[in-house]
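For reference, the structure discussed in these notes is given below.
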Amino acid sequence: MFGIYWKRFITNRMAVAGIAVLLCLVALAILAPVISRYEPTVTNLTVRLKSPCFAHPLGTDELGRDILSRMLYGSRISLSVGLIAVLISIVIGTLFGLLAGWYGGWVDSVIMRLVDIVLCFPSFFLILMVIAFVGPNITNIMIVIGATSWSGLARLVRGEILSIREREFISATRLLGLSNWRIMLVHILPNVMSPILISATLGVGAAILTESGLSFLGLGVQPPTASWGNMITSGKDYITFAWWLTAFPGLAILTAVLAFNMLGEGLREVFDPRSLKQK
Amino acid sequence: MDKQLLGVEHLSINYQRDQESIPAVTDVSFAIGKEEIFGLVGESGCGKTSIALALLGLLSPAEAYVAGAVTYAGTRLDQIDNQSLINLRGREISMIFQDPYAAWNPVMTIGQQIAEVFLVHQGRAPCQEKINSALREVRIEDAERVRNSYPHQLSGGLLQRSMIAMALSLRPRLVIADEPTTALDVTLQKDILQLLLNLKKESGCSLMLITHDISVVAQTCSRLGILYAGQIVETGPIREILRNPYHPYTRALVESVPAKYFWQHKRLDKLPVVPGNVPEPGKFGKGCRFYPRCPERIPQCETSVPPETAVGQDHKASCYAIRT
């Protein structure tokens, strides 16, 4: 069973490229203390705003901190925020979508109105507002991003289920005496897996961007802790003569988001049995 | 008739749509004996599938109002609780669907889906050999490959065989086959039908064969119910009905079988047809529902529904114009 998927995954160039980049990023994040030659928060004013050189491959910032070290530590923040926020949003979104699509009636109405309410707010401002109340720290950011980004997924899952539940094989499972929960989890959920996966991987990219945006506005991860977003914020004042302060964290965000999107697209092809070649 | 296994009495199904009640099936009664093959024949949209779904309690109360009594092996299916009904489905009564392409879950292999039946009703997953042997029972040579295939990788014939294997895997006592051969090509139809009959003989279950093709039931069934616009117009043993059809609709059906026409007239230039169409549900008249198309109608037919009359041994028809 897994053999088939593994074979198809490994032959899918886009998925492999995406996962390779992501594994590198994760490895770098985990190994940050080993790789980096400087503490990410220790300042050294004698080497401030140095352009990339041998001692500081990506240069230093306005307080003389090594950009490479800060980016390595920042990747821990950005990746974990992205992954955990999306995990939260997938659990909420899938559950609500499943319930609304399968049970219909008033359950559907209540959940979909809730989705409408959440969608009404521009989510970034909603997040800003909530963060302003609960205080900017990394746990709050994960929860708030996760709790505000499930609505699209809930809609997507509900729509898929509305079409799948009318298919004959669902009547067939009911005729064979399967319970509601079993039908939902074993027979319907795998059929909506590909939209969930795509949405999730795109969501990780979006969550990383949101976190960067929040940090850029000063409501995300607080200095001196480094995150890709707040590195760009602090670098923006020097952008005219010290481009490396903003360019490298920006490149990191771009790479991570791109890799997640490629992985998502690749996974979609892998998990879609209709793309299986005839044996 | 042998000992009764399933009894349906005064079954009516009304679909609820936009505050409107649309009668799909009205006052249908029939019985299926043990080890019997009962054929339910009717045109598209006359309520055949609705009856099958209602028997198993699969029409949700929100969309359909079901009245009447369904007795299975002494138990009233319309009165037992939901969990008992769930336990019954698949184990005691199972169903074969019309379209084998649509009835399989596209993201699971055939083997996984057959395993579901065992898992749900016996509480543990079966070994692969058990699934293979279930597949071999329906004369699938290459059971190993079929078990590991996804539905889209197999042909319609193999899918329908696998469907039969799944339906029979727990040795149910009643199998409902809802147009099991309609979606297959003609050369396969005979094979599948023959397979179904052989398996029925081996396992000793009863079979309810739903079809629109009277030549299919002529080859297979022992008893027959003719359904027209949601009502049974004639029931009886197959030989009786084919030899002496009483209801004008049955007669028209029997006469429109090409082989029979050819046999009698030695030519096939024009087949007799039943003029007109089945009235839409909800637009029936007060009297006999066949009245607008009936060649032998009398004024009485328009105003009152003809009662069921015994016309022979275990043979009943609902018509005022019964020729005696």
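By order in the structure tokens, chains are A, B, ...; within a chain, residues start at 1; ligands start at 1, following the order shown.
Close contacts of stretch 272-277 of chain B, defined as residues with an atom at most 8 Å away when counting only C-alpha atoms, with chain neighbours fewer than 6 positions off set aside, comprise Tyr249, Ala252, Leu253, Glu255, Ser256 and Arg293 of chain B.
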Shell of 9 Å around A:Asp61, only C-alpha atoms, local chain residues under 6 positions omitted, as a PyMOL selection string: chain A and resi 47-51+67+231+234-235+242+244-245
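Counting only C-alpha atoms, the residue from A:Leu176, A:Val144, A:Val81, A:Val16 that sits nearest to chain B is A:Leu176.
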Exercise answer, chain A residues close to chain B, 7 Å and only C-alpha atoms, as a PyMOL selection string: chain A and resi 167-169+172+175-178+190-191+273+278
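Here atom CA of A:Gly146 and atom CA of A:Val115 stand 13.9 Å from one another.
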Shell of 9 Å around A:Gly220, only C-alpha atoms, local chain residues under 2 positions omitted, as a tab-separated table (two decimals) with N, CA and C atoms, in the first residue's frame:
```
chain	number	residue	atom	x	y	z
A	131	ILE	N	-4.28	39.68	18.60
A	131	ILE	CA	-2.92	39.69	19.16
A	131	ILE	C	-2.73	40.90	20.06
A	136	PRO	N	1.54	39.64	22.10
A	136	PRO	CA	2.29	38.96	21.05
A	136	PRO	C	3.33	38.00	21.59
A	137	ASN	N	3.01	36.72	21.62
A	137	ASN	CA	4.06	35.73	21.81
A	137	ASN	C	3.80	34.58	20.87
A	138	ILE	N	4.77	33.71	20.73
A	138	ILE	CA	4.72	32.75	19.63
A	138	ILE	C	3.53	31.78	19.73
A	141	ILE	N	0.42	33.51	18.64
A	141	ILE	CA	0.41	33.73	17.19
A	141	ILE	C	-0.02	32.47	16.45
A	211	GLU	N	2.85	35.38	9.64
A	211	GLU	CA	3.74	35.59	10.79
A	211	GLU	C	4.77	36.66	10.46
A	212	SER	N	5.32	36.61	9.25
A	212	SER	CA	6.30	37.62	8.86
A	212	SER	C	5.67	39.00	8.86
A	213	GLY	N	4.44	39.06	8.34
A	213	GLY	CA	3.74	40.34	8.31
A	213	GLY	C	3.52	40.87	9.71
A	214	LEU	N	3.06	39.99	10.61
A	214	LEU	CA	2.84	40.41	12.00
A	214	LEU	C	4.13	40.89	12.63
A	215	SER	N	5.20	40.12	12.41
A	215	SER	CA	6.48	40.52	12.99
A	215	SER	C	6.95	41.84	12.39
A	216	PHE	N	6.68	41.99	11.09
A	216	PHE	CA	7.07	43.23	10.42
A	216	PHE	C	6.37	44.41	11.06
A	217	LEU	N	5.10	44.21	11.46
A	217	LEU	CA	4.35	45.30	12.08
A	217	LEU	C	4.63	45.43	13.57
A	218	GLY	N	5.51	44.56	14.08
A	218	GLY	CA	5.86	44.66	15.48
A	218	GLY	C	4.91	43.93	16.41
A	222	GLN	N	8.76	39.03	19.20
A	222	GLN	CA	9.36	40.27	19.70
A	222	GLN	C	10.88	40.22	19.69
A	227	SER	N	13.02	36.49	13.95
A	227	SER	CA	12.19	35.74	13.01
A	227	SER	C	12.40	36.41	11.67
A	229	GLY	N	10.42	37.63	9.64
A	229	GLY	CA	9.63	38.85	9.49
A	229	GLY	C	10.26	40.04	10.20
A	230	ASN	N	10.61	39.85	11.48
A	230	ASN	CA	11.10	41.04	12.19
A	230	ASN	C	12.53	41.42	11.77
```
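Computed from the coordinates, the atom CA of A:Ile143 to atom CA of A:Leu98 distance equals 21.4 Å.
You will find atom CA of A:Arg76 at 27.7 Å from atom CA of A:Thr46.
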Surrounding residues of B:Leu207 excluding itself and chain neighbours under 2 positions, 7 Å, only C-alpha atoms, as a PyMOL selection string: chain B and resi 36-38+174-176+205+209
Which of stretch 18-186 of chain B DSSP labels alpha helix (DSSP H), written as a VMD selection string: chain B and resid 48 to 55 82 to 88 110 to 122 128 to 137 143 to 147 156 to 168 186
Please produce a file of those selected residues containing C-alpha atoms, as an mmCIF file, in the first residue's frame.
```
data_model
loop_
_atom_site.group_PDB
_atom_site.id
_atom_site.type_symbol
_atom_site.label_atom_id
_atom_site.label_comp_id
_atom_site.auth_asym_id
_atom_site.auth_seq_id
_atom_site.Cartn_x
_atom_site.Cartn_y
_atom_site.Cartn_z
ATOM 1 C CA LYS B 48 -38.178 0.067 -8.075
ATOM 2 C CA THR B 49 -35.085 1.443 -6.410
ATOM 3 C CA SER B 50 -37.131 3.394 -3.867
ATOM 4 C CA ILE B 51 -38.669 0.129 -2.716
ATOM 5 C CA ALA B 52 -35.242 -1.489 -2.320
ATOM 6 C CA LEU B 53 -33.926 1.446 -0.289
ATOM 7 C CA ALA B 54 -37.056 1.582 1.851
ATOM 8 C CA LEU B 55 -36.757 -2.121 2.715
ATOM 9 C CA ASN B 82 -31.290 1.937 14.014
ATOM 10 C CA GLN B 83 -28.385 -0.101 15.359
ATOM 11 C CA SER B 84 -30.114 -3.414 14.742
ATOM 12 C CA LEU B 85 -30.892 -2.262 11.237
ATOM 13 C CA ILE B 86 -27.243 -1.377 10.653
ATOM 14 C CA ASN B 87 -26.222 -4.826 11.864
ATOM 15 C CA LEU B 88 -28.678 -6.393 9.478
ATOM 16 C CA ILE B 110 -11.251 -3.640 -4.077
ATOM 17 C CA GLY B 111 -9.652 -5.746 -1.340
ATOM 18 C CA GLN B 112 -9.837 -2.956 1.219
ATOM 19 C CA GLN B 113 -13.488 -2.406 0.490
ATOM 20 C CA ILE B 114 -14.406 -6.053 0.746
ATOM 21 C CA ALA B 115 -12.427 -6.182 3.982
ATOM 22 C CA GLU B 116 -14.683 -3.414 5.338
ATOM 23 C CA VAL B 117 -17.676 -5.744 5.308
ATOM 24 C CA PHE B 118 -15.854 -8.332 7.402
ATOM 25 C CA LEU B 119 -14.366 -5.698 9.663
ATOM 26 C CA VAL B 120 -17.688 -4.062 10.410
ATOM 27 C CA HIS B 121 -19.719 -7.203 10.933
ATOM 28 C CA GLN B 122 -17.168 -9.567 12.425
ATOM 29 C CA GLN B 128 -6.038 -11.717 2.448
ATOM 30 C CA GLU B 129 -6.660 -15.323 1.541
ATOM 31 C CA LYS B 130 -10.269 -14.932 2.670
ATOM 32 C CA ILE B 131 -10.775 -12.031 0.297
ATOM 33 C CA ASN B 132 -9.062 -13.907 -2.481
ATOM 34 C CA SER B 133 -11.353 -16.865 -2.014
ATOM 35 C CA ALA B 134 -14.392 -14.586 -1.964
ATOM 36 C CA LEU B 135 -13.208 -13.223 -5.306
ATOM 37 C CA ARG B 136 -12.530 -16.685 -6.696
ATOM 38 C CA GLU B 137 -16.057 -17.673 -5.808
ATOM 39 C CA ALA B 143 -8.009 -12.693 -7.535
ATOM 40 C CA GLU B 144 -4.683 -11.432 -6.249
ATOM 41 C CA ARG B 145 -4.467 -8.677 -8.854
ATOM 42 C CA VAL B 146 -8.123 -7.673 -8.544
ATOM 43 C CA ARG B 147 -7.818 -7.461 -4.770
ATOM 44 C CA GLY B 156 -17.101 -3.238 -15.659
ATOM 45 C CA GLY B 157 -17.505 -7.001 -15.674
ATOM 46 C CA LEU B 158 -14.783 -7.528 -13.090
ATOM 47 C CA LEU B 159 -16.167 -4.728 -10.941
ATOM 48 C CA GLN B 160 -19.640 -6.213 -11.024
ATOM 49 C CA ARG B 161 -18.261 -9.651 -10.168
ATOM 50 C CA SER B 162 -16.345 -8.151 -7.272
ATOM 51 C CA MET B 163 -19.524 -6.376 -6.203
ATOM 52 C CA ILE B 164 -21.326 -9.695 -6.144
ATOM 53 C CA ALA B 165 -18.435 -11.181 -4.180
ATOM 54 C CA MET B 166 -18.734 -8.381 -1.634
ATOM 55 C CA ALA B 167 -22.502 -8.684 -1.397
ATOM 56 C CA LEU B 168 -22.308 -12.442 -0.844
ATOM 57 C CA VAL B 186 -24.866 -7.469 -23.671
#
```
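Using only C-alpha atoms, the smallest distance between any of B:Ala317, B:Ala67, B:Ala310, B:Ala125 and B:Gly225 comes from B:Ala317.
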Could you pull the residues within 10 Å of B:Ser21, counting only C-alpha atoms, minus those fewer than 2 positions along the same chain, as a PDB file with C-alpha atoms, in the first residue's frame?
```pdb
ATOM      1  CA  ILE B  13     -43.240   6.086  -0.116  1.00  0.00           C
ATOM      2  CA  ASN B  14     -43.826   9.804  -0.490  1.00  0.00           C
ATOM      3  CA  TYR B  15     -40.891  12.036  -1.257  1.00  0.00           C
ATOM      4  CA  GLN B  16     -41.067  15.420   0.408  1.00  0.00           C
ATOM      5  CA  ARG B  17     -39.958  18.241  -1.785  1.00  0.00           C
ATOM      6  CA  ASP B  18     -40.615  21.935  -1.140  1.00  0.00           C
ATOM      7  CA  GLN B  19     -43.651  21.370   1.071  1.00  0.00           C
ATOM      8  CA  PRO B  23     -45.948   9.711  -4.189  1.00  0.00           C
ATOM      9  CA  ALA B  24     -43.284   7.394  -5.574  1.00  0.00           C
ATOM     10  CA  GLU B  63     -36.651  13.400   2.405  1.00  0.00           C
ATOM     11  CA  ALA B  64     -39.169  10.599   2.284  1.00  0.00           C
ATOM     12  CA  TYR B  65     -42.214   9.536   4.229  1.00  0.00           C
ATOM     13  CA  PRO B 281     -45.333  11.038  -9.865  1.00  0.00           C
ATOM     14  CA  GLY B 282     -47.755  13.501  -8.360  1.00  0.00           C
TER      15      GLY B 282
END
```
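Distances to A:Thr43 were evaluated for A:Gly64, A:Gly250, A:Gly93, A:Pro57 using only C-alpha atoms, and the minimum falls at A:Gly64.
Excluding B:Leu242 itself and same-chain residues fewer than 5 positions from it, the residues having an atom within 10 Å of it are Ile214, Ala218, Leu224, Gly236, Pro237, Thr250, Arg251, Leu253, Val254 and Glu255 of chain B, counting only C-alpha atoms.
Counting only C-alpha atoms and comparing B:Ala321, B:Lys283, B:Asp178, B:Thr220, the residue that lies closest to B:Lys190 is B:Thr220.
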